[in-house]
Amino acid sequence: AQTVTQSQPEMSVQEAETVTLSCTYDTSESNYYLFWYKQPPSRQMILVIRQEAYKQQNATENRFSVNFQKAAKSFSLKISDSQLGDTAMYFCAFMKQSNYQLIWGAGTKLIIKP
Amino acid sequence: ETGVTQTPRHLVMGMTNKKSLKCEQHLGHNAMYWYKQSAKKPLELMFVYNFKEQTENNSVPSRFSPECPNSSHLFLHLHTLQPEDSALYLCASSQWGRGTEAFFGQGTRLTVV
């Protein structure tokens, strides 16, 4: 069975610093998708970034980028120039191509301090 | 309205009550989902509807009953719940089969007393 592990329950950094959130997953699939979602206090889950496993190039979205290591089954999220609005729960999720269902990690609570 | 809308935002119900949660999506998606979110646990997928047909029921107790009358609306009917069912219930929608992201509503915070 697929599992997703986020080893950092909570992290805290100063505004403008760079922070990296870790995520590892376990699967025997070769084709899949990986996601990072953000859930601010408003509770709405919002997509941060998406990676297709067959693409070697790491996905980037403005200040957000990933380090995708397929052999190591690692998918970390880097947030550069962190902002107060980045304070939220961050969830890593895995989607296998066979049924397109998302499997979630337990989340990392990120606090950006002024 | 755009996106995924859930009502109500908050719900307190007794164990003998019957209530329903509503979800509506305006994104033209063909798949809809119910998730349960409890503190410090991964999201738990409860039900999946693909083109209005239920394709997954992840061992959810029968006190939770989903209904999908069309591809834009999804309901979760609740009856004789237990206190451990208190959680945030999230609805999501997506375009099935493309590996694209799911879009979520803001959830219903359910408290069973």
# chains A, B, ... in the order shown; residues from 1 in each chain; ligands from 1

call {"tool": "interface_residues", "arguments": {"of": "chain B", "to": "chain A", "cutoff": "7 Å", "atoms": "only C-alpha atoms", "output": "count of residues only"}}
result
10

call {"tool": "residues_around", "arguments": {"residues": "His10 (chain B)", "least_positions_apart": "3", "cutoff": "10 Å", "atoms": "only C-alpha atoms", "output": "ChimeraX atom specification"}}
result
/B:7,21,88,107-111

call {"tool": "select_by_dssp", "arguments": {"residues": "chain A", "states": "strand (DSSP E)", "output": "PyMOL selection string"}}
result
chain A and resi 3-5+10-14+19-21+24-26+32-39+46-52+60-61+64-69+74-79+88-96+102-104+108-113

call {"tool": "write_last_selection", "arguments": {"atoms": "C-alpha atoms", "output": "PDB file, in the first residue's frame"}}
result
ATOM      1  CA  THR A   3       2.045   5.740   2.215  1.00  0.00           C
ATOM      2  CA  VAL A   4       3.147   9.353   2.518  1.00  0.00           C
ATOM      3  CA  THR A   5       5.311  10.534   5.431  1.00  0.00           C
ATOM      4  CA  GLU A  10       5.755  21.811  12.940  1.00  0.00           C
ATOM      5  CA  MET A  11       8.315  24.336  11.681  1.00  0.00           C
ATOM      6  CA  SER A  12       8.884  27.990  12.386  1.00  0.00           C
ATOM      7  CA  VAL A  13      11.051  30.491  10.466  1.00  0.00           C
ATOM      8  CA  GLN A  14      11.517  34.227  10.244  1.00  0.00           C
ATOM      9  CA  VAL A  19      12.372  26.889   4.477  1.00  0.00           C
ATOM     10  CA  THR A  20      12.234  23.310   3.243  1.00  0.00           C
ATOM     11  CA  LEU A  21       9.461  20.878   4.116  1.00  0.00           C
ATOM     12  CA  THR A  24       8.773  10.825   1.505  1.00  0.00           C
ATOM     13  CA  TYR A  25       6.472   8.251  -0.004  1.00  0.00           C
ATOM     14  CA  ASP A  26       6.378   4.555  -0.580  1.00  0.00           C
ATOM     15  CA  TYR A  32       2.238   8.819 -10.510  1.00  0.00           C
ATOM     16  CA  TYR A  33       1.771  12.421  -9.504  1.00  0.00           C
ATOM     17  CA  LEU A  34       2.862  14.339  -6.435  1.00  0.00           C
ATOM     18  CA  PHE A  35       1.310  17.430  -4.919  1.00  0.00           C
ATOM     19  CA  TRP A  36       1.856  19.967  -2.205  1.00  0.00           C
ATOM     20  CA  TYR A  37      -1.263  21.588  -0.811  1.00  0.00           C
ATOM     21  CA  LYS A  38      -1.546  24.464   1.629  1.00  0.00           C
ATOM     22  CA  GLN A  39      -4.360  24.811   4.180  1.00  0.00           C
ATOM     23  CA  ILE A  46      -5.142  25.143  -2.021  1.00  0.00           C
ATOM     24  CA  LEU A  47      -2.733  23.579  -4.508  1.00  0.00           C
ATOM     25  CA  VAL A  48       0.809  24.885  -4.183  1.00  0.00           C
ATOM     26  CA  ILE A  49       2.665  22.796  -6.735  1.00  0.00           C
ATOM     27  CA  ARG A  50       2.334  19.602  -8.775  1.00  0.00           C
ATOM     28  CA  GLN A  51       4.954  17.182 -10.136  1.00  0.00           C
ATOM     29  CA  GLU A  52       4.581  14.392 -12.654  1.00  0.00           C
ATOM     30  CA  THR A  60       8.587  25.564  -9.716  1.00  0.00           C
ATOM     31  CA  GLU A  61       5.865  28.115  -9.035  1.00  0.00           C
ATOM     32  CA  PHE A  64       7.826  27.596  -4.393  1.00  0.00           C
ATOM     33  CA  SER A  65       9.960  24.809  -5.803  1.00  0.00           C
ATOM     34  CA  VAL A  66      10.376  21.105  -5.229  1.00  0.00           C
ATOM     35  CA  ASN A  67      13.311  18.739  -5.017  1.00  0.00           C
ATOM     36  CA  PHE A  68      12.007  15.523  -6.531  1.00  0.00           C
ATOM     37  CA  GLN A  69      14.252  12.514  -6.025  1.00  0.00           C
ATOM     38  CA  SER A  74      11.495  12.039  -1.770  1.00  0.00           C
ATOM     39  CA  PHE A  75       9.530  15.177  -2.653  1.00  0.00           C
ATOM     40  CA  SER A  76      10.522  18.193  -0.581  1.00  0.00           C
ATOM     41  CA  LEU A  77       9.048  21.683  -0.894  1.00  0.00           C
ATOM     42  CA  LYS A  78      11.238  24.778  -0.721  1.00  0.00           C
ATOM     43  CA  ILE A  79       9.694  28.145   0.036  1.00  0.00           C
ATOM     44  CA  ALA A  88      -0.493  27.353   7.075  1.00  0.00           C
ATOM     45  CA  MET A  89      -0.611  23.592   7.236  1.00  0.00           C
ATOM     46  CA  TYR A  90       1.214  22.024   4.302  1.00  0.00           C
ATOM     47  CA  PHE A  91       0.223  18.604   3.036  1.00  0.00           C
ATOM     48  CA  CYS A  92       2.116  16.339   0.683  1.00  0.00           C
ATOM     49  CA  ALA A  93      -0.036  14.013  -1.430  1.00  0.00           C
ATOM     50  CA  PHE A  94       0.556  11.145  -3.839  1.00  0.00           C
ATOM     51  CA  MET A  95      -1.730  10.154  -6.707  1.00  0.00           C
ATOM     52  CA  LYS A  96      -1.244   6.866  -8.511  1.00  0.00           C
ATOM     53  CA  LEU A 102      -4.911  11.056  -3.495  1.00  0.00           C
ATOM     54  CA  ILE A 103      -3.017   9.596  -0.535  1.00  0.00           C
ATOM     55  CA  TRP A 104      -2.056  12.206   2.032  1.00  0.00           C
ATOM     56  CA  THR A 108       3.460  20.106   8.557  1.00  0.00           C
ATOM     57  CA  LYS A 109       2.379  23.220  10.399  1.00  0.00           C
ATOM     58  CA  LEU A 110       4.481  26.113   9.118  1.00  0.00           C
ATOM     59  CA  ILE A 111       4.637  29.359  11.072  1.00  0.00           C
ATOM     60  CA  ILE A 112       6.261  32.437   9.550  1.00  0.00           C
ATOM     61  CA  LYS A 113       7.300  34.914  12.225  1.00  0.00           C
TER      62      LYS A 113
END

call {"tool": "residues_around", "arguments": {"residues": "Pro69 (chain B)", "least_positions_apart": "3", "cutoff": "8 Å", "atoms": "only C-alpha atoms", "output": "short mmCIF file (atom, residue, chain, number, x, y, z; two decimals) with all heavy atoms, in the first residue's frame"}}
result
data_model
loop_
_atom_site.label_atom_id
_atom_site.label_comp_id
_atom_site.auth_asym_id
_atom_site.auth_seq_id
_atom_site.Cartn_x
_atom_site.Cartn_y
_atom_site.Cartn_z
N LYS B 52 -21.09 10.75 -11.62
CA LYS B 52 -22.28 10.51 -10.77
C LYS B 52 -22.37 9.09 -10.22
O LYS B 52 -23.30 8.78 -9.48
CB LYS B 52 -23.59 10.82 -11.52
CG LYS B 52 -23.74 12.24 -12.00
CD LYS B 52 -25.15 12.48 -12.53
CE LYS B 52 -25.47 11.58 -13.71
NZ LYS B 52 -26.86 11.74 -14.18
N HIS B 73 -23.35 18.43 -7.86
CA HIS B 73 -23.83 18.42 -6.47
C HIS B 73 -23.51 17.12 -5.77
O HIS B 73 -23.63 16.03 -6.36
CB HIS B 73 -25.35 18.66 -6.42
CG HIS B 73 -25.75 20.02 -6.88
ND1 HIS B 73 -25.96 20.32 -8.21
CD2 HIS B 73 -25.95 21.16 -6.19
CE1 HIS B 73 -26.30 21.59 -8.33
NE2 HIS B 73 -26.31 22.14 -7.12
N LEU B 74 -23.14 17.24 -4.52
CA LEU B 74 -22.82 16.08 -3.70
C LEU B 74 -23.33 16.34 -2.29
O LEU B 74 -23.16 17.44 -1.76
CB LEU B 74 -21.31 15.85 -3.68
CG LEU B 74 -20.78 14.61 -2.97
CD1 LEU B 74 -21.24 13.34 -3.68
CD2 LEU B 74 -19.24 14.65 -2.91
#

call {"tool": "closest_residue", "arguments": {"among": "B:Glu67, B:Glu101, B:Glu44, B:Glu56", "to": "Ser20 (chain B)", "atoms": "only C-alpha atoms"}}
result
B:Glu67

call {"tool": "closest_residue", "arguments": {"among": "B:Tyr33, B:Leu78, B:Thr100, B:Ser94", "to": "Gly14 (chain B)", "atoms": "only C-alpha atoms"}}
result
B:Leu78

call {"tool": "residues_around", "arguments": {"residues": "Val4 (chain B)", "least_positions_apart": "6", "cutoff": "9 Å", "atoms": "only C-alpha atoms", "output": "list in words"}}
result
Cys23, Glu24, Gln25, His26, Leu27, Cys91, Ala92, Ser93, Phe103, Phe104, Gly105 and Gln106 of chain B
